[in-house]
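Visitor: Following this line is input10.pdb, made up of PDB, C-alpha atoms:
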ATOM      1  CA  MET Z  12      48.602 -26.744 -50.386
ATOM      2  CA  ASP Z  13      46.726 -27.271 -47.146
ATOM      3  CA  ALA Z  14      49.976 -27.330 -45.202
ATOM      4  CA  ALA Z  15      51.120 -24.117 -46.853
ATOM      5  CA  ALA Z  16      47.848 -22.434 -46.014
ATOM      6  CA  THR Z  17      48.116 -23.512 -42.418
ATOM      7  CA  ILE Z  18      51.656 -22.126 -42.147
ATOM      8  CA  VAL Z  19      50.532 -18.756 -43.589
ATOM      9  CA  ALA Z  20      47.638 -18.577 -41.201
ATOM     10  CA  MET Z  21      49.808 -19.355 -38.187
ATOM     11  CA  THR Z  22      52.333 -16.710 -39.292
ATOM     12  CA  LEU Z  23      49.631 -14.014 -39.600
ATOM     13  CA  GLN Z  24      48.145 -14.909 -36.244
ATOM     14  CA  ALA Z  25      51.587 -14.637 -34.659
ATOM     15  CA  SER Z  26      51.830 -11.151 -36.116
ATOM     16  CA  GLY Z  27      48.488 -10.155 -34.590
ATOM     17  CA  VAL Z  28      46.543 -10.171 -37.842
ATOM     18  CA  THR Z  29      43.063 -11.625 -37.724
ATOM     19  CA  THR Z  30      42.533 -14.091 -40.500
ATOM     20  CA  SER Z  31      38.810 -14.674 -40.121
ATOM     21  CA  SER Z  32      36.171 -12.165 -41.222
ATOM     22  CA  ALA Z  33      32.445 -12.127 -40.970
ATOM     23  CA  PRO Z  34      30.627 -12.597 -44.224
ATOM     24  CA  ALA Z  35      29.850  -9.350 -45.863
ATOM     25  CA  THR Z  36      26.317  -8.267 -45.419
ATOM     26  CA  ALA Z  37      24.787  -6.713 -48.492
ATOM     27  CA  THR Z  38      23.354  -3.359 -47.754
ATOM     28  CA  SER Z  39      20.451  -2.474 -49.944
ATOM     29  CA  ALA Z  40      19.713   1.153 -50.471
ATOM     30  CA  SER Z  41      16.150   2.039 -49.722
ATOM     31  CA  ALA Z  42      14.195   3.117 -52.777
ATOM     32  CA  VAL Z  43      13.863   6.893 -53.084
ATOM     33  CA  ALA Z  44      10.835   8.219 -54.855
ATOM     34  CA  PRO Z  45      11.643  10.647 -57.653
ATOM     35  CA  THR Z  46      11.151  14.259 -56.775
ATOM     36  CA  SER Z  47       8.191  15.798 -58.544
ATOM     37  CA  THR Z  48       6.878  19.329 -58.604
ATOM     38  CA  ALA Z  49       3.317  19.509 -57.416
ATOM     39  CA  THR Z  50       0.967  21.159 -59.871
ATOM     40  CA  THR Z  51      -2.503  22.487 -59.280
ATOM     41  CA  LYS Z  52      -5.114  23.528 -61.774
ATOM     42  CA  PRO Z  53      -4.654  27.188 -62.769
ATOM     43  CA  THR Z  54      -7.745  29.242 -62.044
ATOM     44  CA  LEU Z  55      -8.730  32.892 -62.002
ATOM     45  CA  LYS Z  56     -10.827  34.589 -59.331
ATOM     46  CA  ILE Z  57     -12.722  37.689 -60.401
ATOM     47  CA  ASN Z  58     -12.194  40.633 -58.048
ATOM     48  CA  SER Z  59     -15.143  42.911 -58.858
ATOM     49  CA  ASN Z  60     -18.611  42.862 -60.399
ATOM     50  CA  ASN Z  61     -19.381  43.145 -64.101
ATOM     51  CA  VAL Z  62     -15.920  42.201 -65.316
ATOM     52  CA  GLN Z  63     -16.243  41.780 -69.064
ATOM     53  CA  CYS Z  64     -14.758  38.789 -70.849
ATOM     54  CA  ARG Z  65     -14.368  39.541 -74.560
ATOM     55  CA  SER Z  66     -13.452  37.635 -77.698
ATOM     56  CA  GLY Z  67     -10.157  39.516 -77.912
ATOM     57  CA  PRO Z  68      -7.934  41.683 -75.702
ATOM     58  CA  ASP Z  69      -9.548  44.859 -76.957
ATOM     59  CA  PRO Z  70     -12.446  46.933 -75.577
ATOM     60  CA  ASP Z  71     -14.151  46.788 -78.988
ATOM     61  CA  SER Z  72     -14.072  42.982 -79.225
ATOM     62  CA  ASP Z  73     -17.317  41.018 -78.928
ATOM     63  CA  LEU Z  74     -18.607  40.531 -75.388
ATOM     64  CA  ILE Z  75     -18.697  36.830 -74.463
ATOM     65  CA  ALA Z  76     -19.635  37.015 -70.762
ATOM     66  CA  SER Z  77     -19.730  39.264 -67.696
ATOM     67  CA  PHE Z  78     -18.447  37.904 -64.385
ATOM     68  CA  ASP Z  79     -19.375  38.964 -60.861
ATOM     69  CA  ALA Z  80     -16.972  39.213 -57.949
ATOM     70  CA  ASP Z  81     -15.686  35.909 -56.507
ATOM     71  CA  THR Z  82     -16.468  34.006 -59.713
ATOM     72  CA  THR Z  83     -13.769  31.408 -60.427
ATOM     73  CA  VAL Z  84     -12.968  30.365 -63.978
ATOM     74  CA  ASP Z  85     -10.388  28.070 -65.555
ATOM     75  CA  LEU Z  86      -7.253  29.644 -66.968
ATOM     76  CA  ILE Z  87      -6.140  28.623 -70.472
ATOM     77  CA  ALA Z  88      -3.251  30.944 -71.342
ATOM     78  CA  LYS Z  89      -1.796  34.380 -70.693
ATOM     79  CA  ASP Z  90      -0.804  37.447 -72.660
ATOM     80  CA  SER Z  91       1.713  39.028 -70.311
ATOM     81  CA  ALA Z  92       2.762  41.717 -72.792
ATOM     82  CA  ASP Z  93      -0.738  43.216 -73.023
ATOM     83  CA  GLY Z  94      -1.950  42.295 -69.525
ATOM     84  CA  TYR Z  95      -4.695  39.761 -70.252
ATOM     85  CA  TRP Z  96      -5.723  36.274 -69.170
ATOM     86  CA  LEU Z  97      -7.351  33.836 -71.583
ATOM     87  CA  VAL Z  98     -10.042  31.911 -69.688
ATOM     88  CA  LYS Z  99     -12.871  29.495 -70.338
ATOM     89  CA  ASP Z 100     -16.362  30.874 -69.842
ATOM     90  CA  PRO Z 101     -18.206  28.249 -67.767
ATOM     91  CA  GLY Z 102     -21.539  29.274 -69.251
ATOM     92  CA  SER Z 103     -20.837  29.020 -72.966
ATOM     93  CA  GLY Z 104     -17.634  26.991 -72.956
ATOM     94  CA  SER Z 105     -16.028  29.645 -75.170
ATOM     95  CA  SER Z 106     -12.643  31.189 -74.509
ATOM     96  CA  CYS Z 107     -12.457  34.906 -73.750
ATOM     97  CA  TRP Z 108     -10.052  37.539 -72.431
ATOM     98  CA  VAL Z 109     -10.021  39.178 -68.986
ATOM     99  CA  PRO Z 110      -7.725  42.075 -67.987
ATOM    100  CA  THR Z 111      -5.168  41.024 -65.368
ATOM    101  CA  GLN Z 112      -6.049  43.929 -63.080
ATOM    102  CA  ASP Z 113      -9.615  42.632 -62.671
ATOM    103  CA  ALA Z 114      -8.752  39.187 -61.327
ATOM    104  CA  SER Z 115      -6.300  37.127 -59.259
ATOM    105  CA  ALA Z 116      -4.652  33.966 -60.566
ATOM    106  CA  SER Z 117      -3.906  30.888 -58.476
ATOM    107  CA  GLY Z 118      -2.586  27.388 -59.030
ATOM    108  CA  SER Z 119       0.178  26.634 -61.504
ATOM    109  CA  TYR Z 120      -0.534  29.630 -63.701
ATOM    110  CA  GLN Z 121       3.187  30.353 -64.198
ATOM    111  CA  ALA Z 122       3.355  27.337 -66.505
ATOM    112  CA  LEU Z 123       0.567  28.592 -68.777
ATOM    113  CA  PRO Z 124       1.561  29.219 -72.393
ATOM    114  CA  GLU Z 125       2.071  32.753 -73.631
ATOM    115  CA  VAL Z 126      -0.227  33.625 -76.520
ATOM    116  CA  THR Z 127      -0.237  36.484 -78.994
ATOM    117  CA  PRO Z 128      -3.774  37.555 -79.843
ATOM    118  CA  PRO Z 129      -4.664  37.745 -83.531
ATOM    119  CA  PRO Z 130      -5.228  41.242 -84.908
ATOM    120  CA  ALA Z 131      -8.759  42.517 -84.720
ATOM    121  CA  VAL Z 132     -10.765  41.776 -87.842
ATOM    122  CA  ALA Z 133     -12.822  44.586 -89.281
ATOM    123  CA  GLU Z 134     -16.565  43.974 -89.084
ATOM    124  CA  GLU Z 135     -17.559  46.406 -91.821
ATOM    125  CA  VAL Z 136     -16.078  48.276 -94.740
ATOM    126  CA  PRO Z 137     -14.597  51.668 -93.821
ATOM    127  CA  ALA Z 138     -16.422  54.950 -94.194
ATOM    128  CA  ALA Z 139     -15.846  56.821 -97.430
ATOM    129  CA  PRO Z 140     -13.485  59.814 -97.374
ATOM    130  CA  ALA Z 141     -14.739  63.366 -97.795
ATOM    131  CA  TRP Z 142     -13.138  66.362 -99.456
ATOM    132  CA  ALA Z 143     -10.926  68.299 -97.092
ATOM    133  CA  ALA Z 144     -12.252  71.691 -98.241
ATOM    134  CA  LEU Z 145     -14.413  72.725-101.150
ATOM    135  CA  SER Z 146     -11.998  75.450-102.229
ATOM    136  CA  ASP Z 147      -8.846  73.333-102.589
ATOM    137  CA  ALA Z 148     -10.030  69.721-102.229
ATOM    138  CA  TRP Z 149      -8.548  68.855-105.586
ATOM    139  CA  THR Z 150      -6.589  71.056-107.951
ATOM    140  CA  TYR Z 151      -4.699  70.576-111.173
ATOM    141  CA  ALA Z 152      -1.987  72.541-112.942
ATOM    142  CA  CYS Z 153      -1.324  72.229-116.647
ATOM    143  CA  ALA Z 154       2.152  72.470-118.159
ATOM    144  CA  PRO Z 155       3.348  71.581-121.646
ATOM    145  CA  GLY Z 156       2.680  67.858-121.918
ATOM    146  CA  VAL Z 157       2.051  67.288-118.207
ATOM    147  CA  VAL Z 158      -0.771  67.857-115.748
ATOM    148  CA  THR Z 159      -0.166  67.794-111.980
ATOM    149  CA  VAL Z 160      -3.171  66.833-109.879
ATOM    150  CA  THR Z 161      -3.327  67.361-106.114
ATOM    151  CA  LEU Z 162      -5.998  65.508-104.118
ATOM    152  CA  GLN Z 163      -6.766  66.291-100.456
ATOM    153  CA  TRP Z 164      -9.417  64.558 -98.396
ATOM    154  CA  SER Z 165     -10.576  63.923 -94.824
ATOM    155  CA  ASP Z 166      -9.998  60.520 -93.233
ATOM    156  CA  ARG Z 167     -13.402  59.585 -91.825
ATOM    157  CA  ALA Z 168     -12.693  55.907 -91.192
ATOM    158  CA  ASP Z 169     -11.135  54.247 -88.136
ATOM    159  CA  ASN Z 170     -10.889  50.697 -89.487
ATOM    160  CA  GLU Z 171      -9.261  51.132 -92.882
ATOM    161  CA  THR Z 172      -6.226  49.222 -94.081
ATOM    162  CA  GLY Z 173      -5.428  52.097 -96.398
ATOM    163  CA  TYR Z 174      -6.617  54.190 -99.334
ATOM    164  CA  ARG Z 175      -6.727  53.475-103.062
ATOM    165  CA  VAL Z 176      -6.482  56.166-105.715
ATOM    166  CA  TYR Z 177      -7.965  55.599-109.169
ATOM    167  CA  ARG Z 178      -7.383  57.548-112.381
ATOM    168  CA  ASN Z 179     -10.012  57.085-115.067
ATOM    169  CA  GLY Z 180     -11.194  54.003-113.214
ATOM    170  CA  GLU Z 181      -7.759  52.334-112.990
ATOM    171  CA  LEU Z 182      -5.903  51.839-109.713
ATOM    172  CA  ILE Z 183      -2.726  53.954-109.627
ATOM    173  CA  ALA Z 184      -1.773  54.000-105.929
ATOM    174  CA  GLU Z 185      -2.349  52.304-102.570
ATOM    175  CA  LEU Z 186      -1.685  54.505 -99.546
ATOM    176  CA  PRO Z 187      -1.388  53.594 -95.839
ATOM    177  CA  ALA Z 188      -4.179  54.075 -93.305
ATOM    178  CA  GLY Z 189      -4.662  57.672 -92.234
ATOM    179  CA  SER Z 190      -3.525  59.136 -95.567
ATOM    180  CA  THR Z 191      -5.203  62.398 -96.584
ATOM    181  CA  SER Z 192      -3.470  63.541 -99.783
ATOM    182  CA  TYR Z 193      -1.959  62.391-103.045
ATOM    183  CA  VAL Z 194      -0.168  64.128-105.921
ATOM    184  CA  ASP Z 195      -0.211  62.667-109.417
ATOM    185  CA  GLN Z 196       1.589  63.734-112.587
ATOM    186  CA  VAL Z 197       0.379  62.401-115.896
ATOM    187  CA  ASN Z 198       0.996  63.020-119.568
ATOM    188  CA  THR Z 199      -1.731  65.235-121.006
ATOM    189  CA  ALA Z 200      -1.808  63.224-124.209
ATOM    190  CA  GLY Z 201      -4.403  61.050-122.507
ATOM    191  CA  GLY Z 202      -7.080  63.713-122.918
ATOM    192  CA  SER Z 203      -9.506  64.149-120.026
ATOM    193  CA  PHE Z 204      -9.059  62.790-116.512
ATOM    194  CA  SER Z 205     -11.078  61.846-113.474
ATOM    195  CA  TYR Z 206      -9.944  60.612-110.062
ATOM    196  CA  GLY Z 207     -11.505  58.507-107.374
ATOM    197  CA  ILE Z 208     -10.489  57.769-103.778
ATOM    198  CA  ARG Z 209     -11.681  54.804-101.722
ATOM    199  CA  ALA Z 210     -10.839  53.559 -98.230
ATOM    200  CA  TYR Z 211     -10.466  49.774 -97.988
ATOM    201  CA  ASN Z 212      -9.966  46.912 -95.539
ATOM    202  CA  ALA Z 213     -10.264  43.117 -95.584
ATOM    203  CA  LEU Z 214     -14.026  43.301 -96.167
ATOM    204  CA  GLY Z 215     -13.911  45.588 -99.165
ATOM    205  CA  GLU Z 216     -13.886  49.206-100.266
ATOM    206  CA  SER Z 217     -15.831  52.255 -99.206
ATOM    207  CA  GLY Z 218     -17.854  54.384-101.544
ATOM    208  CA  GLN Z 219     -15.818  56.480-103.935
ATOM    209  CA  LEU Z 220     -14.970  60.138-103.573
ATOM    210  CA  GLY Z 221     -14.561  61.443-107.121
ATOM    211  CA  THR Z 222     -13.353  64.538-108.929
ATOM    212  CA  GLY Z 223     -15.350  64.434-112.127
ATOM    213  CA  ASN Z 224     -13.783  64.860-115.563
ATOM    214  CA  PHE Z 225     -11.325  67.600-116.463
ATOM    215  CA  SER Z 226      -8.662  68.262-119.082
ATOM    216  CA  CYS Z 227      -5.965  70.783-119.877
TER     217      CYS Z 227
END
Using the file provided, produce a representation of the structure as structure tokens.
Guide:
Amino acid sequence: MDAAATIVAMTLQASGVTTSSAPATATSASAVAPTSTATTKPTLKINSNNVQCRSGPDPDSDLIASFDADTTVDLIAKDSADGYWLVKDPGSGSSCWVPTQDASASGSYQALPEVTPPPAVAEEVPAAPAWAALSDAWTYACAPGVVTVTLQWSDRADNETGYRVYRNGELIAELPAGSTSYVDQVNTAGGSFSYGIRAYNALGESGQLGTGNFSC
């Protein structure tokens, strides 16, 4: 075997082929640090004095704080659809809403979560309705076996969920907010009738606007 190897080596050398080679040197790749996106704390700088920060993105929401120009507060979230920032009030620690046009955001605010504010909760029961006009506020027309009653009122509330109509003390209809009229037809076999109208919301009902008793 050694002789055969020697003959092969001599043959390759005669052909100009180099038979010896330097030992391979292992090349180690240098460690590359993973690429990371730098993040900075999202903050909001107030641009003018007396910028109001409220409990909700609505001018009627409770006032939490008022910020002067150049005040910087921490950003919590954003409501891009309505144009508000949700921030942390440094004084009370409570969260509150600032209009985007009153402040400038910095840091990694693009990564903030989008939030949808909850609907405003009524703070009091709605105002009671009033008759639209004394002459034709409520009318009724009698026909054989049927009476048709027309009720018309003024919507004096701005926080109602809707209106409820009662006949002889029993609820017969729920109407949407802003409603100002209702027509009812009932069998006259029931004798006399009275109607009541109340505005309502999550806190309860208004006082009742009533017709008094009548019959055909």
Visitor: So which one's closest to Z:Glu216, Z:Phe204, Z:Tyr174, Z:Trp149, Z:Tyr193? Using only C-alpha atoms, please.
Guide: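 Ranked by minimum distance to Z:Glu216, first place goes to Z:Tyr174.
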Visitor: Can you tell me, as a PyMOL selection string, which residues sit within 12 Å of (-7.9, 73.0, -108.9) in the file's frame, using only C-alpha atoms?
Guide: chain Z and resi 144-153+158-163+222-223+225-227
Visitor: What is the distance, in Å and to one decimal place, between atom CA of Z:Asp73 and atom CA of Z:Gly218?
Guide: 26.3 Å
Visitor: Evaluate the PyMOL selection byres ((chain Z and resi 55) around 7) on the structure here and hand back the selected residues as a list in words.
Guide: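 Taken over the shown coordinates, the PyMOL selection byres ((chain Z and resi 55) around 7) returns Thr54, Lys56, Ile57, Thr83, Val84, Asp85, Leu86, Ala114, Ser115, Ala116 and Ser117 of chain Z.
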Visitor: Could you check the closest approach to Z:Ser91 for each of Z:Gly118, Z:Pro70, Z:Pro155, Z:Pro128 and tell me which residue wins, using all atoms listed in the file?
Guide: Z:Pro128
Visitor: Could you give me stretch 170-205 of chain Z completed to N, CA and C atoms, formatted as a CSV table (one decimal), in the coordinates of the input?
Guide:
chain,number,residue,atom,x,y,z
Z,170,ASN,N,-11.2,52.1,-89.3
Z,170,ASN,CA,-10.9,50.7,-89.5
Z,170,ASN,C,-10.3,50.4,-90.9
Z,171,GLU,N,-9.8,51.4,-91.5
Z,171,GLU,CA,-9.3,51.1,-92.9
Z,171,GLU,C,-7.9,50.5,-92.8
Z,172,THR,N,-7.6,49.7,-93.9
Z,172,THR,CA,-6.2,49.2,-94.1
Z,172,THR,C,-5.4,50.3,-94.8
Z,173,GLY,N,-6.1,51.0,-95.7
Z,173,GLY,CA,-5.4,52.1,-96.4
Z,173,GLY,C,-6.4,52.7,-97.4
Z,174,TYR,N,-5.8,53.5,-98.3
Z,174,TYR,CA,-6.6,54.2,-99.3
Z,174,TYR,C,-6.1,53.8,-100.7
Z,175,ARG,N,-7.1,53.7,-101.7
Z,175,ARG,CA,-6.7,53.5,-103.1
Z,175,ARG,C,-7.1,54.7,-103.9
Z,176,VAL,N,-6.2,55.0,-104.8
Z,176,VAL,CA,-6.5,56.2,-105.7
Z,176,VAL,C,-6.6,55.6,-107.1
Z,177,TYR,N,-7.7,56.0,-107.8
Z,177,TYR,CA,-8.0,55.6,-109.2
Z,177,TYR,C,-7.9,56.8,-110.1
Z,178,ARG,N,-7.4,56.6,-111.3
Z,178,ARG,CA,-7.4,57.5,-112.4
Z,178,ARG,C,-8.1,56.9,-113.6
Z,179,ASN,N,-9.2,57.6,-114.0
Z,179,ASN,CA,-10.0,57.1,-115.1
Z,179,ASN,C,-10.4,55.6,-114.8
Z,180,GLY,N,-10.7,55.3,-113.6
Z,180,GLY,CA,-11.2,54.0,-113.2
Z,180,GLY,C,-10.1,53.0,-113.0
Z,181,GLU,N,-8.8,53.3,-113.2
Z,181,GLU,CA,-7.8,52.3,-113.0
Z,181,GLU,C,-7.0,52.7,-111.7
Z,182,LEU,N,-6.6,51.6,-111.0
Z,182,LEU,CA,-5.9,51.8,-109.7
Z,182,LEU,C,-4.5,52.3,-110.0
Z,183,ILE,N,-4.1,53.4,-109.4
Z,183,ILE,CA,-2.7,54.0,-109.6
Z,183,ILE,C,-1.9,54.0,-108.3
Z,184,ALA,N,-2.5,53.9,-107.2
Z,184,ALA,CA,-1.8,54.0,-105.9
Z,184,ALA,C,-2.5,53.4,-104.8
Z,185,GLU,N,-1.8,52.8,-103.9
Z,185,GLU,CA,-2.3,52.3,-102.6
Z,185,GLU,C,-1.6,53.0,-101.5
Z,186,LEU,N,-2.3,53.7,-100.6
Z,186,LEU,CA,-1.7,54.5,-99.5
Z,186,LEU,C,-2.0,53.9,-98.2
Z,187,PRO,N,-1.1,54.2,-97.2
Z,187,PRO,CA,-1.4,53.6,-95.8
Z,187,PRO,C,-2.6,54.2,-95.1
Z,188,ALA,N,-3.1,53.6,-94.1
Z,188,ALA,CA,-4.2,54.1,-93.3
Z,188,ALA,C,-3.8,55.5,-92.8
Z,189,GLY,N,-4.9,56.3,-92.7
Z,189,GLY,CA,-4.7,57.7,-92.2
Z,189,GLY,C,-4.2,58.7,-93.3
Z,190,SER,N,-4.0,58.2,-94.5
Z,190,SER,CA,-3.5,59.1,-95.6
Z,190,SER,C,-4.6,60.1,-95.9
Z,191,THR,N,-4.2,61.4,-96.3
Z,191,THR,CA,-5.2,62.4,-96.6
Z,191,THR,C,-4.8,63.2,-97.8
Z,192,SER,N,-3.8,62.8,-98.6
Z,192,SER,CA,-3.5,63.5,-99.8
Z,192,SER,C,-2.7,62.7,-100.8
Z,193,TYR,N,-2.7,63.1,-102.0
Z,193,TYR,CA,-2.0,62.4,-103.0
Z,193,TYR,C,-1.7,63.4,-104.2
Z,194,VAL,N,-0.5,63.3,-104.8
Z,194,VAL,CA,-0.2,64.1,-105.9
Z,194,VAL,C,0.2,63.2,-107.1
Z,195,ASP,N,-0.4,63.5,-108.2
Z,195,ASP,CA,-0.2,62.7,-109.4
Z,195,ASP,C,0.2,63.5,-110.6
Z,196,GLN,N,1.2,63.1,-111.4
Z,196,GLN,CA,1.6,63.7,-112.6
Z,196,GLN,C,1.4,62.8,-113.7
Z,197,VAL,N,0.7,63.3,-114.8
Z,197,VAL,CA,0.4,62.4,-115.9
Z,197,VAL,C,0.5,63.2,-117.2
Z,198,ASN,N,0.8,62.4,-118.2
Z,198,ASN,CA,1.0,63.0,-119.6
Z,198,ASN,C,-0.4,63.5,-120.1
Z,199,THR,N,-0.4,64.7,-120.6
Z,199,THR,CA,-1.7,65.2,-121.0
Z,199,THR,C,-2.2,64.7,-122.3
Z,200,ALA,N,-1.4,63.8,-122.9
Z,200,ALA,CA,-1.8,63.2,-124.2
Z,200,ALA,C,-3.0,62.3,-124.0
Z,201,GLY,N,-3.3,61.9,-122.8
Z,201,GLY,CA,-4.4,61.0,-122.5
Z,201,GLY,C,-5.8,61.7,-122.6
Z,202,GLY,N,-5.8,63.0,-122.8
Z,202,GLY,CA,-7.1,63.7,-122.9
Z,202,GLY,C,-7.6,64.1,-121.6
Z,203,SER,N,-8.9,63.7,-121.3
Z,203,SER,CA,-9.5,64.1,-120.0
Z,203,SER,C,-9.2,63.1,-118.9
Z,204,PHE,N,-9.4,63.6,-117.7
Z,204,PHE,CA,-9.1,62.8,-116.5
Z,204,PHE,C,-10.2,62.9,-115.5
Z,205,SER,N,-10.3,61.8,-114.7
Z,205,SER,CA,-11.1,61.8,-113.5
Z,205,SER,C,-10.4,61.0,-112.4
